[in-house]
Amino acid sequence: MLESDVNILEIKNLRKEFGSRKPIVAVDDITLSLERGKTVGIVGESGSGKSTLGRAMLRLIEPTSGQITFNNHDLLAVKPKELRQLRSKMQMIFQDPMASLDPRMSVRELIREPLDIHNLGRREERNAAVEAIIDKVGIAQSALEKFPHEFSGGQRQRISIARAVINVPELIVADEPVSALDVSIQAQILNLLKELRKEMKLSFIFISHDLSVVKYFCDDVAVMYLGNIVEYAPTETIFKSPQHPYTQALISAIPEIDKSTRKSRIILSGDVPNPAEAPSGCHFHPRCPIAVSSCAIDTPTLKRSAPNHLVSCNLVDPRS
Amino acid sequence: MTTFRRILRRKSALLSLIFITIITTAAIIAPLISPFSPNEQFKDGLSLQGAPIAPGGNYLFGTDLLGRDLLSRLIYGARTSLTVGIIANGVAVIVGTTVGIIAGYSKGRVGALMMRFTDLMMAFPALLLAITLAAIFSPSLLIVALVIAMVNWVQIARVVYSQAVSISEREFVTATRGLGATNSRVLTRHILPHLLPTVLVYATLGIATTVLLEATLSFLGIGVRPPTPSWGNIIFENQTYFITAPWLVFIPGTLIILLALSFNLLGDALRDELDPTQRGLS
Amino acid sequence: MIGYLSRRIAQSLLILLGVSFITFLLLYILPADPAVQIAGRSATPETVANIRSQLGLDQPLFIQYFHYMTNLLQGDLGRSYLQKSEVSSLILSRLGPTLTLMLTAIAIELLIGLTLGILAAMNRGKVVDKVLMVLSFISVSAPQFIASILILYIFAVKLGWFPIGGYGTPAHLVLPALTLGLLGSGWYSRVMRSSMLDVLRQDYIRTARAKGAPMLRIIRVHAFKNAIIPIIAMIGLDIGIFMSGIVVVESVFGWPGIGQLAWQAIQRVDIPIIMGVTLVSAIAIVLGNLIADLIAPFVDPRIRVN
């Protein structure tokens, strides 16, 4: 086993297409790295491909092409058995906890399943681990023999989280983990995730459409539009000085209570286009407030505009 | 089990269950309750002209063309018909469910290919295919059961397939695979339990079909062969007498209809409870 | 539309190919040696070997299949073991009576089944509905041979209204067609009932009633066409069930169709005839399904658009 690198996860030119006749490109050639212990947020609206990216990077769906390296293992080259073993170290938290928990299994069985699958320890040891972890996530012991439908959304998400961390993974991909929850519960769950992250030294990929949540939780942010990353920078930079027009519009839309810091809203024209009919050149050009005619022809790529800042826009100079 | 109680509240299902229990019990304890041996031919079992005797007297349901007691033959016949029906149906359910669940989970080409094969099997009329197979292979109880199973597994496979496809697409299946579960674990512990209600419904309905098919095959002379009694072959043996001794045809006939009806009603009630989207269809 | 039609036809051809292959395989795996069957018990080993090579039975599987297919496409289904006549001519001569019986029976079962289904739907929950549903269950649960014997006994033997089996006059057709029709109607009445109930729930029906249209007119003009859509698809499936049913019904009523032919062949274990009838039935089923699928777009506009 090689020494662990700085990056726990590296994605190179990851591409996912759906359909054979006229393929819809959901993830368009994405390159991304996650440093060990860091949290990267992936932000975008529906149709941006962020959920597909999340699943593809764990190889829960088969990428069309590209490379995924997790802990120095090439995920696309490993044998099925090794992949299954690696999975205990890279877990996913889903958006809809009701859908992602088998309604016929009790909470105990659900949370114990990662241990059952990998045959870790004896029955009693596994049960003890289950009881320990639900304490940590804030579920009562009496819940163990109940079934998912008997709980509220927030509690179900805690169960999902317990299931994801009981095996002490290294990487967690969270796909909109709080979007389906009431706002008051969102904060609780985010704090829980923060605690677990600190305690278990987890690396995170945090997928969300909600910028304020991302601001609270992530070190770096990648903004996605129609399958591409259009901007990538540390959280503070993204919020203080966004450079891509799409990012600027998203940030301007965040409600601000303080009048003095309130910016004027940039309103984008039109709707997010259907991924099946992606516009030519820069995908964003039909809605872009600063687009020029050449934006319909030239496809931009991610370029470094500052030491820690990547932007994919025809009109932003590198190193400007 | 509360579904069970709800089902029992329907009169039709309750009556069906009672009838099935009676017949099954009779079949199991046949030697204890049968007045005579089913194969014994009695001297006073035939009239002076050699014709079967009407019900009443010594022989509660009368005698058949060889002077054997009809009631005893019916009781032992219940054994045969039920055994063949249950074995045939059991095999059909196991084969059909396995094919359906694997095809449904595999998706893509493998699944579609398996279903094309079932399309092919469905092109053959069930009875004719059963007749062909029965004619090819020498008769025995087991062969008859297997032939019936071969003809019946397709319907279950198709139903299980479409359900398995939709279950496989649910997020908890992805989540479990995400934990590193093997395919066989996902199939047996997560997908199969969700299919069990459907399998139960079609297993119940299937017994009606297998019982009817066995009776028909025996009636045509290529099912269970005499002297082993089955409700179908009792009718087969005695059909020349049906004008002069109609009870030989109508008593076993009524029993066959009632048994098939009971399983159909029970299965239908189960389906209404377990899968409300299919209500009212047969 | 053309795409849909040509795809369905191509599918049917593929299935027919598969059917012929399976039929051939069944013939191939016969434990009983056809050469011995044809030669007869007292034949010498040389005669048997001669017959075997004449029939090409000593050749590898694919060559035999090739011969089988070429024969098949020319309409040659082989020869009966016992009758020395060609299977195809036997079947052809009996196809007429079977078709007559089948079409009459389908007409009867549609007439009875659809009417009772509509009746049950209109009187949902009332006694009429419950009675009709019980009857439909019984018709599904009764094996054809029992129903045939029962009907023969009551109407021909006891009441003497109809001849006791045979062929020749319309009177001979009544009982067998009625038996098949009554048994089949159960299935149709249940599907029609549930389909009609679904349709009657729809908003466009409510609109028509709000406009004051009488129920019968609503059914005639609106509901029927829509409720009947799933029925069309079933007719193809129904032909399959028919093909099985005619074996029993034709033999009980002495109707000289291919079902009775199969029945006689069963008694004598005349495999080529049984296989021939099976193959012809499978072809009929595939054709029936194809026709149902071809008619469907004309009845259901939703398929047309797709």
# chains A, B, ... in the order shown; residues from 1 in each chain; ligands from 1
>>> interface_residues(of="chain B", to="chain A", cutoff="6 Å", atoms="only C-alpha atoms", output="list in words")
Glu171, Phe172, Ala175, Leu179, Gly180 and Ala181 of chain B
>>> closest_atom_pairs(of="chain C", to="chain B", cutoff="9 Å", atoms="only C-alpha atoms", output="tab-separated table")
residue	atom	partner	partner_atom	distance
C:Ile15	CA	B:Leu120	CA	5.8
C:Leu16	CA	B:Leu120	CA	8.2
C:Gly18	CA	B:Leu120	CA	6.6
C:Val19	CA	B:Leu120	CA	6.6
C:Leu26	CA	B:Leu133	CA	8.0
C:Leu27	CA	B:Ile136	CA	8.5
C:Ile29	CA	B:Ile136	CA	8.4
C:Leu30	CA	B:Ile136	CA	5.8
C:Pro31	CA	B:Ile136	CA	6.9
C:Ala32	CA	B:Ile136	CA	7.5
C:Phe137	CA	B:Leu261	CA	6.7
C:Ile138	CA	B:Leu261	CA	6.3
C:Val140	CA	B:Leu261	CA	7.9
C:Ser141	CA	B:Leu261	CA	5.1
C:Ala142	CA	B:Ile257	CA	5.1
C:Pro143	CA	B:Leu212	CA	6.0
C:Gln144	CA	B:Thr216	CA	8.0
C:Phe145	CA	B:Thr216	CA	7.0
C:Ile146	CA	B:Gly253	CA	6.0
C:Ala147	CA	B:Gly253	CA	8.9
C:Ile149	CA	B:Val249	CA	8.4
C:Leu150	CA	B:Phe250	CA	7.9
C:Tyr153	CA	B:Ile243	CA	7.3
C:Val157	CA	B:Ile243	CA	7.7
C:Trp187	CA	B:Ser282	CA	6.8
C:Arg190	CA	B:Leu281	CA	6.3
C:Val191	CA	B:Leu281	CA	5.8
C:Arg193	CA	B:Gly280	CA	7.9
C:Ser194	CA	B:Gly280	CA	5.7
C:Leu237	CA	B:Ala123	CA	9.0
C:Ile239	CA	B:Pro125	CA	8.7
C:Gly240	CA	B:Pro125	CA	5.1
C:Ile241	CA	B:Pro125	CA	6.4
C:Phe242	CA	B:Pro125	CA	8.2
C:Met243	CA	B:Pro125	CA	6.1
C:Ser244	CA	B:Leu127	CA	5.0
C:Gly245	CA	B:Leu127	CA	7.8
C:Val247	CA	B:Leu128	CA	8.1
C:Val248	CA	B:Leu220	CA	7.7
C:Ala262	CA	B:Leu128	CA	8.6
C:Trp263	CA	B:Leu220	CA	7.5
C:Ile266	CA	B:Ala135	CA	7.1
C:Gln267	CA	B:Gly221	CA	7.6
C:Val269	CA	B:Ala135	CA	6.3
C:Asp270	CA	B:Ala135	CA	8.7
C:Ile271	CA	B:Ala135	CA	7.4
C:Ile274	CA	B:Thr132	CA	6.4
C:Met275	CA	B:Thr132	CA	6.8
C:Val277	CA	B:Leu128	CA	8.1
C:Thr278	CA	B:Leu128	CA	5.8
C:Leu279	CA	B:Phe124	CA	7.8
C:Ser281	CA	B:Pro125	CA	6.9
C:Ala282	CA	B:Phe124	CA	4.9
C:Ile283	CA	B:Ala123	CA	7.7
C:Ala284	CA	B:Ala123	CA	8.8
C:Ile285	CA	B:Ala123	CA	6.0
C:Val286	CA	B:Ala123	CA	6.1
>>> residues_around(residues="segment 225-227 of chain C", least_positions_apart="2", cutoff="9 Å", atoms="only C-alpha atoms", output="list in words")
Met192, Arg193, Ser194, Ser195, Met196, Leu197, Asp198, Val199, Leu200, Ile219, Arg220, Val221, His222, Ala223, Ile229, Pro230, Ile231, Val299 and Asp300 of chain C
>>> atom_distance(atom1="atom CA of Gly276 of chain C", atom2="atom CA of Leu90 of chain C")
9.7 Å
>>> atom_distance(atom1="atom CA of Ile30 of chain A", atom2="atom CA of Lys303 of chain A")
13.2 Å
>>> residues_around(residues="segment 62-78 of chain C", least_positions_apart="3", cutoff="7 Å", atoms="only C-alpha atoms", output="number ranges by chain")
C: 24, 56, 59, 86-88, 272, 276
>>> residues_around(residues="Gly100 of chain B", least_positions_apart="6", cutoff="10 Å", atoms="only C-alpha atoms", output="list in words")
Ile94, Ser106, Gly111, Met114, Met115, Thr118, Trp153, Val154, Gln155, Ile156, Ala157, Arg158, Val159, Val160, Tyr161, Ser162, Gln163, Ala164 and Val165 of chain B
>>> select_by_dssp(residues="segment 68-162 of chain C", states="alpha helix (DSSP H)", output="ChimeraX atom specification")
/C:68-73,87-122,127-141,144-151
>>> closest_atom_pairs(of="segment 84-161 of chain A", to="segment 182-187 of chain A", cutoff="10 Å", atoms="only C-alpha atoms", output="tab-separated table")
residue	atom	partner	partner_atom	distance
A:Gly153	CA	A:Asp182	CA	8.5
A:Gly154	CA	A:Ile185	CA	6.2
A:Gln155	CA	A:Ile185	CA	9.3
>>> write_last_selection(atoms="N, CA and C atoms", output="short mmCIF file (atom, residue, chain, number, x, y, z; two decimals), in the first residue's frame")
data_model
loop_
_atom_site.label_atom_id
_atom_site.label_comp_id
_atom_site.auth_asym_id
_atom_site.auth_seq_id
_atom_site.Cartn_x
_atom_site.Cartn_y
_atom_site.Cartn_z
N GLY A 153 -38.39 13.38 9.22
CA GLY A 153 -37.34 13.51 8.22
C GLY A 153 -35.96 13.71 8.83
N GLY A 154 -35.90 14.57 9.82
CA GLY A 154 -34.61 14.85 10.45
C GLY A 154 -34.03 13.61 11.13
N GLN A 155 -34.89 12.88 11.82
CA GLN A 155 -34.42 11.67 12.49
C GLN A 155 -33.96 10.62 11.48
#
>>> atom_distance(atom1="atom CA of Val110 of chain B", atom2="atom CA of Glu169 of chain B")
16.2 Å
